[in-house]
file upload13.cif (mmCIF, C-alpha atoms and all ligand atoms)
data_run
loop_
_atom_site.label_atom_id
_atom_site.label_comp_id
_atom_site.auth_asym_id
_atom_site.auth_seq_id
_atom_site.Cartn_x
_atom_site.Cartn_y
_atom_site.Cartn_z
CA MET Q 16 0.00 0.00 0.00
CA SER Q 17 1.64 3.22 -1.16
CA SER Q 18 -0.57 5.65 0.78
CA LEU Q 19 0.56 7.15 4.06
CA VAL Q 20 -2.79 6.67 5.83
CA TRP Q 21 -5.34 4.11 4.74
CA VAL Q 22 -8.16 1.77 5.77
CA GLU Q 23 -8.10 -1.98 5.17
CA LEU Q 24 -11.32 -3.98 4.94
CA ASP Q 25 -11.34 -7.73 5.36
CA ALA Q 26 -13.19 -9.19 2.35
CA ASP Q 27 -14.79 -12.14 4.14
CA SER Q 28 -15.95 -10.51 7.36
CA PRO Q 29 -19.12 -8.63 6.30
CA ASP Q 30 -20.93 -11.72 4.99
CA HIS Q 31 -19.57 -13.78 7.90
CA ASN Q 32 -21.06 -11.24 10.32
CA LEU Q 33 -24.43 -11.19 8.53
CA ASP Q 34 -24.55 -14.99 8.81
CA GLU Q 35 -23.59 -14.91 12.49
CA ILE Q 36 -26.34 -12.39 13.29
CA ARG Q 37 -28.90 -14.53 11.46
CA ARG Q 38 -27.65 -17.61 13.31
CA SER Q 39 -28.09 -15.99 16.74
CA ASN Q 40 -31.86 -16.38 16.43
CA ASN Q 41 -32.20 -18.79 13.51
CA PHE Q 42 -33.61 -15.93 11.47
CA SER Q 43 -34.60 -16.83 7.92
CA GLY Q 44 -36.34 -13.61 6.78
CA LEU Q 45 -34.93 -10.66 4.88
CA HIS Q 46 -31.66 -9.09 5.99
CA CYS Q 47 -31.28 -5.39 5.31
CA ALA Q 48 -27.68 -4.16 5.65
CA VAL Q 49 -27.44 -0.57 6.88
CA VAL Q 50 -24.70 1.09 4.82
CA LYS Q 51 -25.51 4.72 5.57
CA SER Q 52 -22.84 7.32 6.32
CA ASN Q 53 -20.27 5.78 4.00
CA ALA Q 54 -21.01 2.31 5.44
CA TYR Q 55 -20.36 3.53 8.98
CA GLY Q 56 -17.12 5.10 7.76
CA HIS Q 57 -15.86 1.86 6.22
CA GLY Q 58 -16.36 2.99 2.60
CA VAL Q 59 -19.66 2.25 0.90
CA ARG Q 60 -18.13 1.57 -2.51
CA GLU Q 61 -15.85 -1.07 -1.04
CA ILE Q 62 -18.29 -2.62 1.45
CA VAL Q 63 -21.36 -3.10 -0.74
CA PRO Q 64 -19.71 -5.60 -3.13
CA LEU Q 65 -18.80 -7.67 -0.04
CA LEU Q 66 -22.43 -8.00 1.07
CA ALA Q 67 -23.62 -10.90 -1.08
CA GLU Q 68 -25.71 -12.18 1.85
CA ALA Q 69 -27.66 -8.94 2.28
CA ASP Q 70 -31.13 -8.96 0.71
CA TRP Q 71 -31.72 -5.21 1.03
CA LEU Q 72 -29.58 -2.15 1.70
CA ALA Q 73 -30.54 0.89 3.78
CA VAL Q 74 -29.02 4.36 3.69
CA ASN Q 75 -30.01 7.67 5.22
CA SER Q 76 -30.34 10.13 2.37
CA LEU Q 77 -31.64 10.28 -1.18
CA ASP Q 78 -28.15 11.14 -2.43
CA GLU Q 79 -26.72 8.05 -0.75
CA GLY Q 80 -29.41 5.96 -2.42
CA LEU Q 81 -28.69 7.49 -5.82
CA GLU Q 82 -24.99 6.74 -5.30
CA LEU Q 83 -25.83 3.06 -4.74
CA ARG Q 84 -27.79 2.98 -8.00
CA GLN Q 85 -24.89 4.73 -9.80
CA MET Q 86 -22.68 1.94 -8.47
CA GLY Q 87 -24.98 -0.53 -10.21
CA VAL Q 88 -26.67 -1.89 -7.09
CA LEU Q 89 -29.88 -3.68 -8.10
CA LYS Q 90 -31.02 -4.80 -4.65
CA PRO Q 91 -33.94 -3.09 -2.93
CA VAL Q 92 -32.69 0.09 -1.27
CA LEU Q 93 -34.52 1.77 1.60
CA LEU Q 94 -33.99 5.44 2.47
CA LEU Q 95 -34.30 5.88 6.23
CA GLY Q 96 -34.04 9.66 6.26
CA HIS Q 97 -36.45 12.37 5.09
CA VAL Q 98 -36.72 12.71 1.32
CA PRO Q 99 -37.06 16.41 0.39
CA LEU Q 100 -40.59 17.00 -0.87
CA ASN Q 101 -39.32 18.46 -4.14
CA ARG Q 102 -37.08 15.43 -4.82
CA ILE Q 103 -39.54 12.57 -4.33
CA ASP Q 104 -39.68 11.90 -8.06
CA GLU Q 105 -35.91 11.26 -8.06
CA ALA Q 106 -36.45 8.51 -5.50
CA ARG Q 107 -39.29 7.09 -7.59
CA GLN Q 108 -37.30 7.08 -10.83
CA ALA Q 109 -34.35 5.33 -9.12
CA ASP Q 110 -36.60 2.69 -7.50
CA LEU Q 111 -35.61 3.80 -4.02
CA ARG Q 112 -38.07 2.81 -1.31
CA PHE Q 113 -38.43 5.40 1.39
CA VAL Q 114 -39.74 6.20 4.81
CA VAL Q 115 -42.94 8.15 5.36
CA TYR Q 116 -44.22 9.66 8.60
CA ASN Q 117 -45.46 13.11 7.47
CA PHE Q 118 -48.82 13.72 5.85
CA GLU Q 119 -47.06 16.47 3.84
CA THR Q 120 -45.03 13.77 2.08
CA LEU Q 121 -48.26 12.06 1.00
CA GLU Q 122 -49.56 15.40 -0.25
CA ALA Q 123 -46.40 15.91 -2.31
CA ILE Q 124 -46.74 12.40 -3.75
CA ARG Q 125 -50.35 13.09 -4.78
CA ASP Q 126 -49.13 16.18 -6.67
CA LEU Q 127 -46.57 14.22 -8.72
CA PRO Q 128 -47.16 13.62 -12.41
CA VAL Q 129 -48.25 10.11 -13.33
CA SER Q 130 -45.37 7.73 -13.92
CA GLU Q 131 -44.92 4.13 -14.99
CA LYS Q 132 -42.93 3.64 -11.82
CA ASN Q 133 -44.54 2.98 -8.46
CA ILE Q 134 -43.48 4.55 -5.19
CA PHE Q 135 -42.74 2.04 -2.42
CA LEU Q 136 -43.32 3.48 1.04
CA HIS Q 137 -42.33 2.30 4.51
CA MET Q 138 -44.34 3.95 7.26
CA LYS Q 139 -42.29 4.61 10.39
CA VAL Q 140 -44.16 4.45 13.67
CA GLU Q 141 -43.21 6.53 16.70
CA THR Q 142 -42.98 4.11 19.62
CA GLY Q 143 -40.76 6.00 22.04
CA THR Q 144 -37.57 7.20 20.36
CA TRP Q 145 -39.20 10.56 19.69
CA ARG Q 146 -37.28 10.93 16.48
CA GLN Q 147 -38.93 10.32 13.09
CA GLY Q 148 -42.27 8.52 13.16
CA VAL Q 149 -46.01 8.91 12.88
CA LEU Q 150 -47.86 8.79 16.19
CA PRO Q 151 -49.51 5.40 16.79
CA ASP Q 152 -52.93 7.09 16.93
CA ASP Q 153 -52.40 8.50 13.42
CA ALA Q 154 -50.95 5.31 11.95
CA ILE Q 155 -54.22 3.85 10.68
CA ILE Q 156 -55.23 7.11 9.00
CA MET Q 157 -51.82 7.39 7.37
CA ALA Q 158 -51.87 3.72 6.28
CA ARG Q 159 -55.29 4.21 4.72
CA GLU Q 160 -54.14 7.33 2.85
CA ILE Q 161 -51.01 5.55 1.60
CA SER Q 162 -53.08 2.63 0.34
CA GLU Q 163 -55.47 4.91 -1.53
CA ILE Q 164 -52.89 6.85 -3.57
CA PRO Q 165 -52.62 5.51 -7.14
CA GLY Q 166 -49.08 4.46 -8.04
CA VAL Q 167 -48.09 4.01 -4.39
CA VAL Q 168 -47.32 0.64 -2.85
CA PHE Q 169 -47.63 0.36 0.93
CA ASP Q 170 -44.56 -1.86 1.11
CA GLY Q 171 -43.48 -1.77 4.72
CA ILE Q 172 -43.83 -0.56 8.27
CA TYR Q 173 -41.16 -0.11 10.90
CA THR Q 174 -40.01 1.39 14.15
CA HIS Q 175 -36.66 1.88 15.87
CA PHE Q 176 -35.60 1.14 19.46
CA ALA Q 177 -34.33 3.95 21.66
CA ASN Q 178 -32.78 2.06 24.51
CA ILE Q 179 -31.82 -1.45 23.58
CA GLU Q 180 -28.03 -1.07 23.41
CA ASP Q 181 -27.31 0.98 26.48
CA THR Q 182 -28.81 -1.16 29.17
CA LEU Q 183 -29.18 -4.62 30.64
CA ASN Q 184 -32.81 -3.79 31.40
CA HIS Q 185 -34.85 -4.08 28.23
CA GLN Q 186 -38.16 -2.94 29.64
CA TYR Q 187 -38.27 0.25 27.56
CA ALA Q 188 -37.68 -1.72 24.36
CA GLU Q 189 -40.41 -4.12 25.44
CA THR Q 190 -42.82 -1.19 25.82
CA GLN Q 191 -41.87 0.10 22.36
CA LEU Q 192 -42.38 -3.36 20.89
CA ASN Q 193 -45.84 -3.60 22.49
CA THR Q 194 -46.83 -0.24 21.00
CA PHE Q 195 -45.58 -1.35 17.58
CA GLN Q 196 -47.44 -4.65 17.89
CA ARG Q 197 -50.66 -2.82 18.76
CA VAL Q 198 -50.33 -0.76 15.57
CA LEU Q 199 -49.62 -3.92 13.55
CA ASP Q 200 -52.68 -5.65 15.00
CA ALA Q 201 -54.89 -2.67 14.20
CA LEU Q 202 -53.58 -2.56 10.63
CA GLN Q 203 -54.14 -6.29 10.29
CA GLU Q 204 -57.73 -5.87 11.41
CA GLU Q 205 -58.28 -3.16 8.80
CA GLY Q 206 -56.62 -5.28 6.11
CA LEU Q 207 -53.91 -2.64 5.76
CA LYS Q 208 -50.82 -4.45 7.06
CA PRO Q 209 -47.95 -4.17 4.55
CA PRO Q 210 -45.77 -7.17 3.66
CA VAL Q 211 -42.42 -5.98 5.08
CA VAL Q 212 -42.37 -5.44 8.85
CA HIS Q 213 -39.12 -4.51 10.56
CA SER Q 214 -37.87 -3.17 13.87
CA ALA Q 215 -34.60 -4.91 14.73
CA CYS Q 216 -31.24 -3.14 14.73
CA THR Q 217 -28.19 -5.29 15.56
CA ALA Q 218 -28.83 -5.49 19.31
CA ALA Q 219 -32.50 -6.39 18.87
CA ALA Q 220 -31.76 -8.91 16.11
CA ILE Q 221 -29.25 -10.71 18.32
CA LEU Q 222 -31.13 -10.53 21.60
CA PHE Q 223 -34.84 -10.76 20.87
CA GLU Q 224 -36.23 -13.05 18.20
CA LYS Q 225 -39.66 -11.44 18.59
CA THR Q 226 -38.32 -8.14 17.21
CA ASN Q 227 -37.26 -9.72 13.93
CA PHE Q 228 -40.62 -9.81 12.10
CA SER Q 229 -40.04 -10.23 8.33
CA MET Q 230 -36.83 -8.18 8.03
CA ILE Q 231 -33.92 -7.20 10.27
CA ARG Q 232 -32.03 -3.95 9.70
CA THR Q 233 -28.49 -4.30 10.98
CA GLY Q 234 -25.59 -1.88 10.84
CA ILE Q 235 -22.87 -2.06 13.47
CA GLY Q 236 -22.90 -5.87 13.71
CA LEU Q 237 -22.25 -6.38 10.04
CA TYR Q 238 -19.04 -4.37 10.49
CA GLY Q 239 -18.05 -6.87 13.19
CA LEU Q 240 -18.60 -4.53 16.13
CA TRP Q 241 -20.87 -5.06 19.12
CA PRO Q 242 -23.42 -2.30 19.69
CA SER Q 243 -22.20 -2.07 23.30
CA ARG Q 244 -20.71 -4.05 26.16
CA GLU Q 245 -24.25 -4.33 27.58
CA THR Q 246 -25.49 -6.01 24.40
CA LYS Q 247 -22.71 -8.59 24.57
CA LEU Q 248 -23.33 -9.25 28.27
CA SER Q 249 -27.07 -9.57 27.59
CA ALA Q 250 -26.41 -12.00 24.72
CA GLU Q 251 -24.19 -14.11 26.97
CA SER Q 252 -26.78 -14.21 29.75
CA ILE Q 253 -29.98 -14.46 27.71
CA GLY Q 254 -29.19 -17.80 26.12
CA CYS Q 255 -29.21 -16.84 22.42
CA THR Q 256 -26.44 -18.15 20.20
CA VAL Q 257 -23.77 -15.52 20.77
CA PRO Q 258 -22.48 -14.42 17.36
CA HIS Q 259 -18.75 -14.41 16.67
CA LEU Q 260 -18.40 -11.01 15.08
CA LYS Q 261 -15.21 -10.24 13.15
CA PRO Q 262 -14.18 -6.57 12.87
CA VAL Q 263 -14.00 -5.64 9.20
CA LEU Q 264 -11.82 -2.56 9.42
CA SER Q 265 -8.17 -1.83 10.22
CA TRP Q 266 -6.72 1.68 10.05
CA LYS Q 267 -3.06 2.15 9.29
CA THR Q 268 -0.37 4.72 8.66
CA ARG Q 269 3.40 4.96 8.20
CA ILE Q 270 6.21 6.65 10.10
CA VAL Q 271 7.32 9.83 8.29
CA GLN Q 272 10.14 10.88 10.64
CA ILE Q 273 12.13 9.37 13.48
CA LYS Q 274 14.05 11.68 15.81
CA GLU Q 275 16.02 11.68 19.02
CA VAL Q 276 14.61 14.10 21.56
CA PRO Q 277 16.56 15.21 24.66
CA ALA Q 278 15.04 14.80 28.13
CA GLY Q 279 12.99 17.85 29.11
CA SER Q 280 11.70 18.62 25.59
CA PHE Q 281 8.10 19.72 25.06
CA ILE Q 282 6.33 17.72 22.37
CA GLY Q 283 3.76 19.33 20.06
CA TYR Q 284 1.33 22.25 20.34
CA GLY Q 285 0.83 23.73 23.78
CA GLY Q 286 3.75 21.79 25.27
CA THR Q 287 1.36 19.36 26.96
CA TYR Q 288 3.96 16.58 27.17
CA ARG Q 289 7.53 16.97 28.44
CA THR Q 290 9.98 14.12 27.97
CA THR Q 291 11.37 12.69 31.20
CA ARG Q 292 14.26 10.88 29.49
CA ASN Q 293 16.23 11.04 26.28
CA SER Q 294 13.57 9.74 23.90
CA ARG Q 295 13.03 8.59 20.36
CA ILE Q 296 9.82 9.69 18.76
CA ALA Q 297 8.11 8.79 15.50
CA VAL Q 298 6.09 11.38 13.61
CA LEU Q 299 2.91 9.97 12.02
CA PRO Q 300 1.00 11.69 9.18
CA VAL Q 301 -2.43 11.28 10.76
CA GLY Q 302 -4.47 13.73 12.78
CA TYR Q 303 -7.89 14.97 13.66
CA ALA Q 304 -8.69 15.85 10.04
CA ASP Q 305 -8.56 12.09 9.39
CA GLY Q 306 -10.81 11.27 12.35
CA TYR Q 307 -7.89 10.54 14.70
CA ARG Q 308 -9.31 12.85 17.30
CA ARG Q 309 -7.53 15.40 19.44
CA SER Q 310 -8.86 13.71 22.58
CA ILE Q 311 -6.36 10.89 21.93
CA SER Q 312 -3.57 13.37 22.84
CA ASN Q 313 -1.38 11.99 25.65
CA THR Q 314 -3.88 9.15 26.11
CA GLY Q 315 -3.87 6.53 23.38
CA TRP Q 316 -1.21 4.43 21.74
CA VAL Q 317 -0.49 2.91 18.35
CA LEU Q 318 1.03 -0.45 17.41
CA ILE Q 319 4.34 -0.83 15.64
CA ASP Q 320 5.40 -4.37 14.83
CA GLY Q 321 3.40 -5.68 17.80
CA ASN Q 322 4.64 -3.00 20.23
CA ARG Q 323 2.61 -0.29 21.91
CA ALA Q 324 3.86 3.25 21.24
CA PRO Q 325 2.09 5.94 23.33
CA VAL Q 326 0.85 9.15 21.71
CA LEU Q 327 2.88 12.08 23.05
CA GLY Q 328 1.51 15.61 23.19
CA ARG Q 329 -1.43 16.92 21.21
CA VAL Q 330 -2.76 15.25 18.11
CA CYS Q 331 -2.53 17.91 15.36
CA MET Q 332 -4.73 18.33 12.29
CA ASN Q 333 -2.54 16.13 10.07
CA LEU Q 334 0.20 14.77 12.35
CA CYS Q 335 0.85 13.19 15.70
CA MET Q 336 3.90 11.99 17.59
CA VAL Q 337 4.44 8.67 19.35
CA ASP Q 338 7.10 7.44 21.76
CA ILE Q 339 9.22 4.68 20.24
CA THR Q 340 12.06 4.80 22.77
CA ASP Q 341 11.21 1.26 23.88
CA VAL Q 342 10.43 -0.09 20.42
CA LYS Q 343 13.41 -1.75 18.81
CA GLU Q 344 14.42 -1.27 15.18
CA THR Q 345 11.81 1.07 13.79
CA PHE Q 346 12.42 2.51 10.33
CA LEU Q 347 11.14 5.31 8.12
CA GLU Q 348 7.82 4.47 6.44
CA GLU Q 349 7.30 1.46 8.71
CA GLU Q 350 3.65 0.46 9.01
CA VAL Q 351 1.79 1.63 12.11
CA VAL Q 352 -1.58 0.30 13.25
CA LEU Q 353 -4.05 2.86 14.58
CA LEU Q 354 -6.97 0.40 14.79
CA GLY Q 355 -6.57 -3.32 14.35
CA ARG Q 356 -4.07 -6.06 15.11
CA SER Q 357 -0.30 -6.11 15.16
CA GLY Q 358 1.49 -9.18 16.50
CA SER Q 359 -0.32 -10.25 19.65
CA GLU Q 360 -1.63 -6.74 20.32
CA GLU Q 361 -4.90 -5.19 19.17
CA ILE Q 362 -6.42 -1.72 19.27
CA THR Q 363 -10.19 -2.05 19.02
CA ALA Q 364 -12.79 0.54 18.01
CA GLU Q 365 -13.99 0.33 21.62
CA MET Q 366 -10.52 1.29 22.94
CA LEU Q 367 -10.34 4.23 20.54
CA GLY Q 368 -13.86 5.08 21.70
CA GLN Q 369 -12.66 5.24 25.30
CA TRP Q 370 -9.74 7.47 24.36
CA MET Q 371 -12.05 9.70 22.31
CA ASP Q 372 -14.83 9.63 24.93
CA THR Q 373 -17.32 8.23 22.45
CA ILE Q 374 -18.73 4.96 21.11
CA ASN Q 375 -17.35 2.58 18.49
CA TYR Q 376 -20.07 3.73 16.03
CA GLU Q 377 -18.69 7.28 16.07
CA VAL Q 378 -15.05 6.14 15.92
CA VAL Q 379 -15.43 4.26 12.64
CA THR Q 380 -17.98 6.65 11.12
CA GLY Q 381 -15.59 9.49 11.85
CA ILE Q 382 -12.72 8.07 9.77
CA SER Q 383 -12.29 10.52 6.91
CA SER Q 384 -13.90 9.46 3.65
CA LEU Q 385 -10.89 11.02 1.89
CA LEU Q 386 -8.62 8.18 3.01
CA PRO Q 387 -8.15 5.30 0.58
CA ARG Q 388 -9.89 2.00 1.38
CA VAL Q 389 -8.46 -1.33 0.27
CA VAL Q 390 -10.13 -4.72 0.49
CA THR Q 391 -7.87 -7.52 1.68
CA LYS Q 392 -7.93 -11.29 1.90
CA GLY Q 393 -5.20 -12.36 4.31
CA ALA Q 394 -2.08 -10.48 3.22
CA ASP Q 395 -3.36 -9.92 -0.34
CA ILE Q 396 -5.08 -6.81 -1.64
CA VAL Q 397 -8.24 -7.78 -3.56
CA TYR Q 398 -9.05 -4.26 -4.75
C1 LIG I 401 -33.43 3.53 11.63
C2 LIG I 401 -32.23 2.69 11.87
N1 LIG I 401 -32.30 1.37 11.68
C3 LIG I 401 -31.24 0.56 11.88
C4 LIG I 401 -30.04 1.07 12.31
C5 LIG I 401 -28.89 0.13 12.54
O1 LIG I 401 -28.55 0.08 13.92
P1 LIG I 401 -27.30 -0.77 14.39
O2 LIG I 401 -26.11 -0.15 13.75
O3 LIG I 401 -27.30 -0.63 15.86
O4 LIG I 401 -27.52 -2.16 13.91
C6 LIG I 401 -29.91 2.43 12.54
C7 LIG I 401 -28.65 2.97 13.01
O5 LIG I 401 -28.44 4.10 13.33
C8 LIG I 401 -31.03 3.27 12.31
O6 LIG I 401 -30.97 4.60 12.52
#

call {"tool": "encode", "arguments": {"input": "upload13.cif", "output": "C-alpha cells", "more": "lines below"}}
Ligand SMILES: Cc1ncc(COP(=O)(O)O)c(C=O)c1O
result
Amino acid sequence: MSSLVWVELDADSPDHNLDEIRRSNNFSGLHCAVVKSNAYGHGVREIVPLLAEADWLAVNSLDEGLELRQMGVLKPVLLLGHVPLNRIDEARQADLRFVVYNFETLEAIRDLPVSEKNIFLHMKVETGTWRQGVLPDDAIIMAREISEIPGVVFDGIYTHFANIEDTLNHQYAETQLNTFQRVLDALQEEGLKPPVVHSACTAAAILFEKTNFSMIRTGIGLYGLWPSRETKLSAESIGCTVPHLKPVLSWKTRIVQIKEVPAGSFIGYGGTYRTTRNSRIAVLPVGYADGYRRSISNTGWVLIDGNRAPVLGRVCMNLCMVDITDVKETFLEEEVVLLGRSGSEEITAEMLGQWMDTINYEVVTGISSLLPRVVTKGADIVY
C-alpha cells in the first residue's frame, strides 16, 4: 500500500457477520444491511460488493441511495431519512423505497405527475424514540391514505428502538415493541398491514427473536462490532447463540520521521507533554482531520510491529507523535496500526472510543472518507 494513511477492509468478514447475526436467532427472513454514512465510515463503494448475503440495503439520504444505484446496485434500497418533498420523483425514478411519517409527504406524492414507476413506502411508527415517526394514533389514518394513492405501494412498516443497546434492562424496548405490535394488530384488522415489517437493529436482532418480524435492519454488527458491552453481556446471559463477530476494518499509517529528543523537551502544540528521558519519537501523518481525534492526545497508543507506542503531546490536524524509545528497530515508512491487530496486540474501536470519549459507532464513522480503502484477503489486496 503506497498511501501514508489508509483503511483496510477484510473481504470475508461482512458476509460472515451477517450470517452470524442470522444464526443468533435462527432468522430466515430478509436481511437489510445498513450502509448509511459511508457504510459507517468503512467505505460504501468497497463494502457493498462484499455484502452478497444482504437482501436489502438501507441508507439515510436520497443522495446516498442514488450513489448506490450509480454503483450498479440492483437490490432493494430503503432510504431511512427524510426525502425532500421536491425530490420525491428522483427517489421514484431510481426505485428507491423510502420512509414516510409526514402527511405532507403524502400530499407531495399526490401532486406528482403520473409515472410508470410505483413509489414504495415504509411507514415509520413513533414508539418512544421521539425521532422520526407517525404517532400510533395516526398510523391507521396514514396507512389508509397511503393505500389509496394511485401508483403508491404500501410496502413496509417499521419502528426503531431507543434504549436497547445501552442497558441490561430491556423494559423500555419491550414497551416500544408492544406499542408497535398494537399498531400492527390494528392494521391487520383493517386489512392494511404491509408485507415488510421490521424493527430490529443489531442489538434487537441478536437478543430478541420477537423483534425480527419479516426483516432485520443491521448496521454495526455487520461491520463486526458489538453495539455495546451491555449487548454482549445480555447475549451471553440471555441464552441466544452468541455471534462471533469479526471486525472488518483496520486503520493504518506509516512513520514519516524518526528523531532523538533530549530529556525535558516539550512535544507538540501547547507543550502538553515533556519528555522525562532522552527519547526517540516517530512522527505519524495522521491527525484529527482524518478522524484521529484530538482527545487521543497523551492518552492513546499505536502499534508498531506488535509493540505499543504511546501518543505524546497533542494530536494535530494532520500529524501526531508517538514514543518509540522502547520499540526496537523502527524505520522510516514502517507500518503503524491505529486500529486493528499487530502481532499479539490489538487496538479495538472500543478502545479508541474510550480514548475519544465516544462509542465505536462514532469512531469508525468518523474516519475521513478522503482516506483510501483497500479490500484484503489475508495479506493480499483484492481491490
Ligand atoms: C433507523 C435505523 N435502523 C437501523 C439502524 C442500525 O442500527 P445498528 O447499527 O445498531 O444495527 C440504525 C442505526 O443508526 C437506524 O438509525

call {"tool": "closest_atom_pairs", "arguments": {"input": "upload13.cif", "of": "chain Q", "to": "ligand LIG 401 (chain I)", "cutoff": "7 Å", "atoms": "all atoms listed in the file", "output": "Markdown table"}}
result
| residue | atom | partner | partner_atom | distance |
| --- | --- | --- | --- | --- |
| Q:Val49 | CA | I:LIG401 | C5 | 5.9 |
| Q:Leu95 | CA | I:LIG401 | C1 | 6.0 |
| Q:His175 | CA | I:LIG401 | C1 | 5.6 |
| Q:Cys216 | CA | I:LIG401 | O4 | 3.9 |
| Q:Thr217 | CA | I:LIG401 | O4 | 3.6 |
| Q:Ala218 | CA | I:LIG401 | O3 | 6.2 |
| Q:Arg232 | CA | I:LIG401 | C3 | 5.1 |
| Q:Thr233 | CA | I:LIG401 | O4 | 3.8 |
| Q:Gly234 | CA | I:LIG401 | O2 | 3.4 |
| Q:Ile235 | CA | I:LIG401 | O2 | 3.8 |
| Q:Gly236 | CA | I:LIG401 | O4 | 5.9 |
| Q:Pro242 | CA | I:LIG401 | O3 | 5.7 |

call {"tool": "atom_distance", "arguments": {"input": "upload13.cif", "atom1": "CA of Leu89 (chain Q)", "atom2": "CA of Ile36 (chain Q)"}}
result
23.4 Å

call {"tool": "atom_distance", "arguments": {"input": "upload13.cif", "atom1": "CA of Pro262 (chain Q)", "atom2": "CA of Val74 (chain Q)"}}
result
20.6 Å

call {"tool": "atom_distance", "arguments": {"input": "upload13.cif", "atom1": "CA of Lys267 (chain Q)", "atom2": "CA of Glu68 (chain Q)"}}
result
27.8 Å

call {"tool": "closest_atom_pairs", "arguments": {"input": "upload13.cif", "of": "region 172-266 of chain Q", "to": "region 148-167 of chain Q", "cutoff": "7 Å", "atoms": "only C-alpha atoms", "output": "Markdown table"}}
result
| residue | atom | partner | partner_atom | distance |
| --- | --- | --- | --- | --- |
| Q:Val198 | CA | Q:Pro151 | CA | 6.3 |
| Q:Leu202 | CA | Q:Ile155 | CA | 6.4 |
| Q:Leu207 | CA | Q:Ala158 | CA | 6.7 |

call {"tool": "closest_residue", "arguments": {"input": "upload13.cif", "among": "Q:Gln191, Q:Asn101, Q:Thr144, Q:Thr291", "to": "Ile124 (chain Q)", "atoms": "all atoms listed in the file"}}
result
Q:Asn101

call {"tool": "residues_around", "arguments": {"input": "upload13.cif", "residues": "region 127-136 of chain Q", "least_positions_apart": "4", "cutoff": "7 Å", "atoms": "all atoms listed in the file", "output": "compact mmCIF listing (two decimals) with C-alpha atoms, in the frame of the given file"}}
result
# COMPACT_ATOMS: atom_id res chain seq x y z
CA ARG Q 107 -39.29 7.09 -7.59
CA GLN Q 108 -37.30 7.08 -10.83
CA ARG Q 112 -38.07 2.81 -1.31
CA PHE Q 113 -38.43 5.40 1.39
CA VAL Q 114 -39.74 6.20 4.81
CA VAL Q 115 -42.94 8.15 5.36
CA ALA Q 123 -46.40 15.91 -2.31
CA GLY Q 166 -49.08 4.46 -8.04
CA VAL Q 167 -48.09 4.01 -4.39
CA VAL Q 168 -47.32 0.64 -2.85
CA PHE Q 169 -47.63 0.36 0.93
CA ASP Q 170 -44.56 -1.86 1.11
CA GLY Q 171 -43.48 -1.77 4.72

call {"tool": "closest_residue", "arguments": {"input": "upload13.cif", "among": "Q:Thr142, Q:Ser243, Q:Thr120, Q:Ser52", "to": "Asn375 (chain Q)", "atoms": "all atoms listed in the file"}}
result
Q:Ser243
